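A.B. asks: Dropping in target_25.cif, with mmCIF, C-alpha atoms.
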```
data_final
#
loop_
_atom_site.label_atom_id
_atom_site.label_comp_id
_atom_site.auth_asym_id
_atom_site.auth_seq_id
_atom_site.Cartn_x
_atom_site.Cartn_y
_atom_site.Cartn_z
CA MET A 1 108.91 118.94 94.69
CA ALA A 2 109.76 119.92 91.13
CA GLU A 3 108.54 117.80 88.23
CA GLY A 4 111.08 115.17 87.28
CA ASP A 5 112.65 115.00 90.76
CA LEU A 6 111.14 111.57 91.48
CA LYS A 7 111.52 108.54 89.23
CA LEU A 8 110.79 104.85 89.72
CA LEU A 9 112.63 102.19 87.76
CA GLY A 10 110.46 99.10 87.70
CA ALA A 11 109.06 96.06 85.95
CA TRP A 12 105.27 95.80 85.79
CA VAL A 13 105.20 92.15 86.83
CA SER A 14 107.34 92.52 89.96
CA PRO A 15 105.47 92.45 93.29
CA TYR A 16 108.37 94.42 94.77
CA VAL A 17 107.65 97.22 92.30
CA MET A 18 103.89 96.99 92.80
CA ARG A 19 104.19 97.76 96.51
CA VAL A 20 106.27 100.87 95.86
CA ARG A 21 103.78 102.10 93.26
CA MET A 22 100.94 101.58 95.74
CA VAL A 23 102.59 103.75 98.39
CA LEU A 24 103.48 106.47 95.89
CA GLU A 25 99.86 106.50 94.72
CA GLN A 26 98.50 106.35 98.27
CA LYS A 27 100.52 109.43 99.21
CA GLY A 28 99.58 111.21 95.99
CA LEU A 29 103.18 111.79 94.93
CA SER A 30 103.96 112.75 91.35
CA TYR A 31 106.63 110.53 89.81
CA GLU A 32 107.90 109.28 86.48
CA TYR A 33 107.66 105.53 86.00
CA LEU A 34 110.34 103.97 83.78
CA GLU A 35 109.70 100.35 82.78
CA GLN A 36 112.88 98.25 82.66
CA ASP A 37 113.75 95.24 80.52
CA LEU A 38 115.41 92.95 83.05
CA LEU A 39 116.83 90.73 80.31
CA ASN A 40 118.54 93.72 78.74
CA LYS A 41 119.31 96.03 81.64
CA SER A 42 119.56 99.73 80.92
CA GLU A 43 122.52 101.94 81.71
CA LEU A 44 120.20 103.91 83.98
CA LEU A 45 119.41 100.81 86.07
CA LEU A 46 123.05 99.73 86.20
CA LYS A 47 124.08 103.22 87.25
CA HIS A 48 121.53 103.53 90.04
CA ASN A 49 121.66 99.95 91.36
CA PRO A 50 125.14 98.66 90.50
CA ILE A 51 125.18 96.19 93.41
CA HIS A 52 122.05 94.09 92.80
CA LYS A 53 121.06 95.39 89.33
CA LYS A 54 117.40 94.85 90.25
CA VAL A 55 114.18 96.83 90.49
CA PRO A 56 112.63 98.72 92.12
CA VAL A 57 114.93 101.71 92.27
CA LEU A 58 113.57 105.04 93.45
CA ILE A 59 115.55 108.01 92.15
CA HIS A 60 114.99 111.17 94.17
CA VAL A 61 116.89 114.21 92.89
CA ASP A 62 119.44 111.82 91.32
CA ARG A 63 119.95 109.87 94.56
CA SER A 64 119.15 106.16 94.44
CA ILE A 65 117.16 104.17 96.98
CA CYS A 66 117.08 100.40 96.36
CA GLU A 67 115.30 97.34 97.82
CA SER A 68 111.53 97.64 98.10
CA LEU A 69 111.11 97.62 101.89
CA VAL A 70 113.87 100.22 102.22
CA VAL A 71 112.17 102.32 99.53
CA LEU A 72 108.82 102.16 101.36
CA GLN A 73 110.44 103.38 104.58
CA TYR A 74 112.24 106.17 102.73
CA ILE A 75 109.02 107.39 101.14
CA ASP A 76 107.23 107.29 104.49
CA GLU A 77 109.96 109.22 106.31
CA ASN A 78 110.69 111.73 103.55
CA TRP A 79 107.01 112.54 102.94
CA SER A 80 105.70 111.94 106.46
CA GLY A 81 103.34 114.91 106.17
CA THR A 82 101.85 113.74 102.88
CA GLY A 83 99.05 111.19 102.97
CA PRO A 84 98.75 108.48 105.62
CA LEU A 85 101.80 107.11 107.39
CA VAL A 86 102.89 103.74 106.03
CA LEU A 87 104.65 102.52 109.19
CA PRO A 88 103.11 102.80 112.67
CA VAL A 89 104.33 105.56 114.99
CA ASP A 90 104.69 103.20 117.97
CA PRO A 91 108.18 101.57 117.93
CA TYR A 92 106.89 98.13 118.90
CA GLU A 93 104.18 98.17 116.24
CA ARG A 94 106.78 99.29 113.69
CA ALA A 95 108.99 96.36 114.68
CA VAL A 96 106.07 93.92 114.34
CA ALA A 97 105.21 95.27 110.88
CA ARG A 98 108.84 94.98 109.75
CA PHE A 99 109.11 91.44 111.12
CA TRP A 100 106.06 90.18 109.23
CA ALA A 101 107.00 92.05 106.05
CA ALA A 102 110.35 90.24 106.10
CA TYR A 103 108.46 86.98 106.68
CA VAL A 104 106.36 87.62 103.57
CA ASP A 105 109.46 88.15 101.45
CA ASP A 106 111.55 85.36 102.98
CA LYS A 107 108.91 82.63 103.33
CA LEU A 108 105.70 83.30 101.42
CA LEU A 109 106.87 84.75 98.11
CA PRO A 110 109.55 82.11 97.34
CA SER A 111 107.07 79.34 98.16
CA PHE A 112 104.28 80.28 95.76
CA ILE A 113 106.70 81.27 93.00
CA GLY A 114 108.36 77.89 93.51
CA ILE A 115 105.06 76.15 92.69
CA MET A 116 105.44 77.37 89.11
CA THR A 117 109.19 77.10 88.70
CA THR A 118 109.91 73.58 89.90
CA PRO A 119 109.71 70.73 87.35
CA SER A 120 109.29 68.13 90.09
CA GLU A 121 105.79 67.19 91.24
CA GLU A 122 107.17 66.20 94.63
CA THR A 123 108.84 69.58 95.07
CA LYS A 124 105.72 71.33 93.77
CA ALA A 125 103.67 69.63 96.50
CA GLU A 126 106.22 70.80 99.08
CA LYS A 127 105.97 74.38 97.79
CA ILE A 128 102.18 74.27 98.00
CA SER A 129 102.45 73.04 101.57
CA ASP A 130 104.99 75.76 102.40
CA THR A 131 102.73 78.44 100.88
CA LEU A 132 99.72 77.30 102.87
CA ALA A 133 101.80 77.15 106.06
CA ALA A 134 103.04 80.71 105.49
CA LEU A 135 99.51 82.00 104.84
CA GLU A 136 98.27 80.26 107.99
CA GLN A 137 101.03 81.98 109.98
CA LEU A 138 99.89 85.33 108.59
CA GLU A 139 96.29 84.48 109.47
CA GLY A 140 97.45 83.79 113.02
CA ALA A 141 99.43 87.05 113.09
CA PHE A 142 96.37 89.03 112.03
CA LYS A 143 94.31 87.40 114.76
CA LYS A 144 96.94 87.90 117.47
CA CYS A 145 98.48 91.26 116.59
CA PHE A 146 95.89 93.05 114.48
CA ALA A 147 92.56 91.72 115.81
CA GLY A 148 89.61 94.03 115.25
CA LYS A 149 91.44 96.14 112.67
CA SER A 150 90.47 96.55 109.03
CA PHE A 151 94.08 96.26 107.88
CA PHE A 152 97.46 95.26 109.21
CA GLY A 153 98.06 99.00 109.30
CA GLY A 154 94.96 99.65 111.41
CA ASP A 155 92.22 101.76 109.85
CA THR A 156 94.31 102.48 106.75
CA ILE A 157 96.51 100.39 104.48
CA GLY A 158 100.08 100.31 105.76
CA PHE A 159 103.53 98.77 105.41
CA LEU A 160 102.61 95.12 105.90
CA ASP A 161 99.42 95.49 103.85
CA VAL A 162 101.24 96.63 100.72
CA THR A 163 104.02 94.06 101.26
CA LEU A 164 101.55 91.17 101.39
CA GLY A 165 99.07 92.81 99.03
CA SER A 166 101.63 93.06 96.25
CA ASP A 167 101.66 89.23 96.15
CA LEU A 168 97.90 88.85 95.69
CA VAL A 169 97.78 88.98 91.89
CA TRP A 170 100.52 86.35 91.75
CA ILE A 171 98.72 84.14 94.29
CA LYS A 172 95.52 84.44 92.26
CA ALA A 173 97.44 83.63 89.07
CA VAL A 174 98.80 80.46 90.69
CA GLU A 175 95.27 79.52 91.75
CA LYS A 176 93.99 79.98 88.19
CA ILE A 177 96.83 78.06 86.59
CA TYR A 178 96.57 75.03 88.87
CA GLY A 179 92.89 75.09 89.75
CA PHE A 180 93.17 75.11 93.56
CA LYS A 181 92.71 77.70 96.30
CA LEU A 182 95.54 78.97 98.44
CA LEU A 183 93.55 81.66 100.26
CA GLU A 184 90.55 79.68 101.53
CA ALA A 185 87.79 81.30 103.57
CA THR A 186 87.29 78.20 105.73
CA LYS A 187 90.95 78.13 106.79
CA MET A 188 91.90 81.81 106.58
CA PRO A 189 88.74 83.87 107.11
CA LEU A 190 90.56 86.96 108.39
CA LEU A 191 92.95 87.08 105.43
CA VAL A 192 90.14 86.54 102.93
CA GLU A 193 88.14 89.45 104.38
CA TRP A 194 91.29 91.57 104.52
CA GLU A 195 91.97 90.74 100.86
CA LYS A 196 88.51 92.00 99.85
CA ARG A 197 88.98 95.30 101.69
CA PHE A 198 92.51 95.74 100.37
CA LEU A 199 91.65 95.12 96.72
CA ALA A 200 88.67 97.50 96.92
CA SER A 201 90.97 100.51 97.48
CA ASP A 202 91.24 102.77 94.43
CA PHE A 203 95.00 103.34 94.67
CA VAL A 204 95.52 99.57 94.95
CA LYS A 205 93.41 98.93 91.84
CA SER A 206 95.39 101.49 89.85
CA SER A 207 98.74 100.01 90.92
CA LEU A 208 98.20 96.30 90.30
CA PRO A 209 98.18 94.53 86.92
CA SER A 210 95.30 92.18 86.13
CA VAL A 211 95.48 88.56 87.28
CA GLU A 212 95.00 87.51 83.64
CA ARG A 213 98.06 89.47 82.53
CA VAL A 214 100.19 87.95 85.29
CA GLU A 215 98.87 84.47 84.48
CA GLU A 216 99.79 84.91 80.81
CA TYR A 217 103.25 86.13 81.78
CA ALA A 218 103.78 83.15 84.12
CA ARG A 219 102.71 80.62 81.50
CA ASN A 220 105.02 82.15 78.90
CA ARG A 221 107.92 82.67 81.31
CA TRP A 222 107.97 79.12 82.64
CA ASN A 223 106.21 77.30 79.78
CA ILE A 224 103.36 76.21 82.01
CA ALA A 225 100.74 74.18 80.21
CA SER A 226 97.08 74.52 81.10
CA ALA A 227 96.57 72.68 84.38
CA ASN A 228 92.81 73.13 84.69
#
```
Show me, as structure tokens, the structure contained in the file I just sent.
C.D. replies:
Amino acid sequence: MAEGDLKLLGAWVSPYVMRVRMVLEQKGLSYEYLEQDLLNKSELLLKHNPIHKKVPVLIHVDRSICESLVVLQYIDENWSGTGPLVLPVDPYERAVARFWAAYVDDKLLPSFIGIMTTPSEETKAEKISDTLAALEQLEGAFKKCFAGKSFFGGDTIGFLDVTLGSDLVWIKAVEKIYGFKLLEATKMPLLVEWEKRFLASDFVKSSLPSVERVEEYARNRWNIASAN
């Protein structure tokens, strides 16, 4: 692949972008990263994602691929011989991974982001409860579907790992801001051990911003006072 053929339009703070960066790094692909100002959207972003006008957008030889889970599948299929496979080969296992990845995006992510964005203490308590319920479901899924494996992807980090793993810095930022634990070893031992293994991977470390940087962004973005 010639230099300049692969570009990623992103925003450093977006978990959707983080997961794409992780897979690009995991596969060892050379790409140009172009940070986007989402409050002042560039002509490049509007050209390549005119429908949703959101990141991430992967540009491959001037063709656009949008929506993070679609981008992950495109990378995996287009560079199937490069690095580890992101999605399982077995059709059923692929379906399971896709199901739980959609669950992460539909249930987990809105819940913990909602903790910070709601002005109502009652609603905040509901969002905390929803977040814990979603994490407990994922703990149960790991036990039932991925028992004995190091990762949701088996021996290597895969599709569901990067989907859930891209939320970790945000979850940790929420924990720091409000002074409580969402991922608790007593209630979610499998997820806590998975988290340690996941965050120890070099390509994960290089793709994720620090928790402190995300915490600072969250406080500034939503005017969150110190809650500790």
A.B. asks: Given the file shown, enumerate the residues that the PyMOL selection byres ((chain A and resi 191) around 10) captures and present them as a list in words.
C.D. replies: Leu135, Glu136, Leu138, Glu139, Gly140, Phe142, Lys143, Phe151, Leu183, Glu184, Ala185, Lys187, Met188, Pro189, Leu190, Val192, Glu193, Trp194, Glu195, Lys196 and Arg197 of chain A
A.B. asks: Using all atoms listed in the file, which of A:Trp100, A:Tyr178, A:Trp222, A:Tyr92 sits nearest A:Phe152?
C.D. replies: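 Of A:Trp100, A:Tyr178, A:Trp222, A:Tyr92, the one nearest A:Phe152, counting all atoms listed in the file, is A:Trp100.
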A.B. asks: Mind telling me what the PyMOL selection byres ((chain A and resi 35) around 12) catches here, as a VMD selection string?
C.D. replies: chain A and resid 7 to 14 17 32 to 34 36 to 38 40 to 42 44 to 45 55 to 57
A.B. asks: Could you state which residues are captured by the PyMOL selection byres ((chain A and resi 108) around 12) in this file, as number ranges by chain?
C.D. replies: A: 100-107, 109-115, 127-138, 163-168, 170-171, 182
A.B. asks: To one decimal place, how far is atom CA of A:Val169 from atom CA of A:Val211 in Å?
C.D. replies: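 Computing it gives 5.2 Å between the two atoms.
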A.B. asks: Using atom CA of A:Ala200 and atom CA of A:Ile59 as the two end points, give the distance in Å to one decimal.
C.D. replies: 29.3 Å
A.B. asks: How far is it from atom CA of A:Met116 to atom CA of A:Leu39, in Å with one decimal?
C.D. replies: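 Separating atom CA of A:Met116 from atom CA of A:Leu39 is a distance of 19.6 Å.
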A.B. asks: If we draw a sphere of 7 Å around (114.1, 100.4, 95.3), which residues have at least one atom in it when counting only C-alpha atoms? Please report them as a ChimeraX atom specification.
C.D. replies: /A:55-58,65-68,70-71
A.B. asks: With all atoms listed in the file as the atoms that count, which of A:Val214, A:Gln26, A:Phe180, A:Glu93 lies nearest to A:Ser201?
C.D. replies: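 Result for the nearest residue to A:Ser201: A:Gln26.
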A.B. asks: Up to 12 Å from (102.3, 113.8, 103.4) in the file's coordinates: name the residues, counting all atoms listed in the file, as a list in words.
C.D. replies: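 The answer, in the requested form, is Val23, Leu24, Glu25, Gln26, Lys27, Gly28, Leu29, Ile75, Asp76, Glu77, Asn78, Trp79, Ser80, Gly81, Thr82, Gly83, Pro84, Leu85 and Val86 of chain A.
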A.B. asks: Can you give me N, CA and C atoms for stretch 110-129 of chain A, written as a PDB file, in the frame of the given file?
C.D. replies:
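Final output, saved to out-v5.pdb:
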```pdb
ATOM      1  N   PRO A 110     108.807  83.193  97.999  1.00  0.00           N
ATOM      2  CA  PRO A 110     109.550  82.110  97.340  1.00  0.00           C
ATOM      3  C   PRO A 110     108.744  80.816  97.217  1.00  0.00           C
ATOM      4  N   SER A 111     107.838  80.581  98.172  1.00  0.00           N
ATOM      5  CA  SER A 111     107.070  79.340  98.160  1.00  0.00           C
ATOM      6  C   SER A 111     106.095  79.295  97.000  1.00  0.00           C
ATOM      7  N   PHE A 112     105.278  80.364  96.824  1.00  0.00           N
ATOM      8  CA  PHE A 112     104.280  80.280  95.760  1.00  0.00           C
ATOM      9  C   PHE A 112     104.880  80.474  94.376  1.00  0.00           C
ATOM     10  N   ILE A 113     105.993  81.200  94.282  1.00  0.00           N
ATOM     11  CA  ILE A 113     106.700  81.270  93.000  1.00  0.00           C
ATOM     12  C   ILE A 113     107.309  79.909  92.673  1.00  0.00           C
ATOM     13  N   GLY A 114     107.766  79.215  93.698  1.00  0.00           N
ATOM     14  CA  GLY A 114     108.360  77.890  93.510  1.00  0.00           C
ATOM     15  C   GLY A 114     107.380  76.860  92.982  1.00  0.00           C
ATOM     16  N   ILE A 115     106.072  77.069  93.241  1.00  0.00           N
ATOM     17  CA  ILE A 115     105.060  76.150  92.690  1.00  0.00           C
ATOM     18  C   ILE A 115     105.161  76.114  91.174  1.00  0.00           C
ATOM     19  N   MET A 116     105.401  77.267  90.571  1.00  0.00           N
ATOM     20  CA  MET A 116     105.440  77.370  89.110  1.00  0.00           C
ATOM     21  C   MET A 116     106.802  77.023  88.523  1.00  0.00           C
ATOM     22  N   THR A 117     107.855  77.221  89.277  1.00  0.00           N
ATOM     23  CA  THR A 117     109.190  77.100  88.700  1.00  0.00           C
ATOM     24  C   THR A 117     109.822  75.724  88.838  1.00  0.00           C
ATOM     25  N   THR A 118     109.294  74.900  89.726  1.00  0.00           N
ATOM     26  CA  THR A 118     109.910  73.580  89.900  1.00  0.00           C
ATOM     27  C   THR A 118     109.343  72.577  88.898  1.00  0.00           C
ATOM     28  N   PRO A 119     110.196  71.762  88.278  1.00  0.00           N
ATOM     29  CA  PRO A 119     109.710  70.730  87.350  1.00  0.00           C
ATOM     30  C   PRO A 119     109.245  69.465  88.069  1.00  0.00           C
ATOM     31  N   SER A 120     109.583  69.343  89.337  1.00  0.00           N
ATOM     32  CA  SER A 120     109.290  68.130  90.090  1.00  0.00           C
ATOM     33  C   SER A 120     107.936  68.219  90.775  1.00  0.00           C
ATOM     34  N   GLU A 121     107.106  67.208  90.585  1.00  0.00           N
ATOM     35  CA  GLU A 121     105.790  67.190  91.240  1.00  0.00           C
ATOM     36  C   GLU A 121     105.931  67.070  92.753  1.00  0.00           C
ATOM     37  N   GLU A 122     106.938  66.351  93.191  1.00  0.00           N
ATOM     38  CA  GLU A 122     107.170  66.200  94.630  1.00  0.00           C
ATOM     39  C   GLU A 122     107.540  67.557  95.242  1.00  0.00           C
ATOM     40  N   THR A 123     108.442  68.264  94.578  1.00  0.00           N
ATOM     41  CA  THR A 123     108.840  69.580  95.070  1.00  0.00           C
ATOM     42  C   THR A 123     107.688  70.565  94.984  1.00  0.00           C
ATOM     43  N   LYS A 124     106.890  70.459  93.926  1.00  0.00           N
ATOM     44  CA  LYS A 124     105.720  71.330  93.770  1.00  0.00           C
ATOM     45  C   LYS A 124     104.768  71.150  94.952  1.00  0.00           C
ATOM     46  N   ALA A 125     104.545  69.905  95.352  1.00  0.00           N
ATOM     47  CA  ALA A 125     103.670  69.630  96.500  1.00  0.00           C
ATOM     48  C   ALA A 125     104.252  70.235  97.778  1.00  0.00           C
ATOM     49  N   GLU A 126     105.566  70.189  97.916  1.00  0.00           N
ATOM     50  CA  GLU A 126     106.220  70.800  99.080  1.00  0.00           C
ATOM     51  C   GLU A 126     106.035  72.315  99.078  1.00  0.00           C
ATOM     52  N   LYS A 127     106.136  72.929  97.899  1.00  0.00           N
ATOM     53  CA  LYS A 127     105.970  74.380  97.790  1.00  0.00           C
ATOM     54  C   LYS A 127     104.533  74.797  98.086  1.00  0.00           C
ATOM     55  N   ILE A 128     103.583  73.990  97.666  1.00  0.00           N
ATOM     56  CA  ILE A 128     102.180  74.270  98.000  1.00  0.00           C
ATOM     57  C   ILE A 128     101.986  74.213  99.503  1.00  0.00           C
ATOM     58  N   SER A 129     102.546  73.184 100.117  1.00  0.00           N
ATOM     59  CA  SER A 129     102.450  73.040 101.570  1.00  0.00           C
ATOM     60  C   SER A 129     103.115  74.203 102.285  1.00  0.00           C
TER      61      SER A 129
END
```
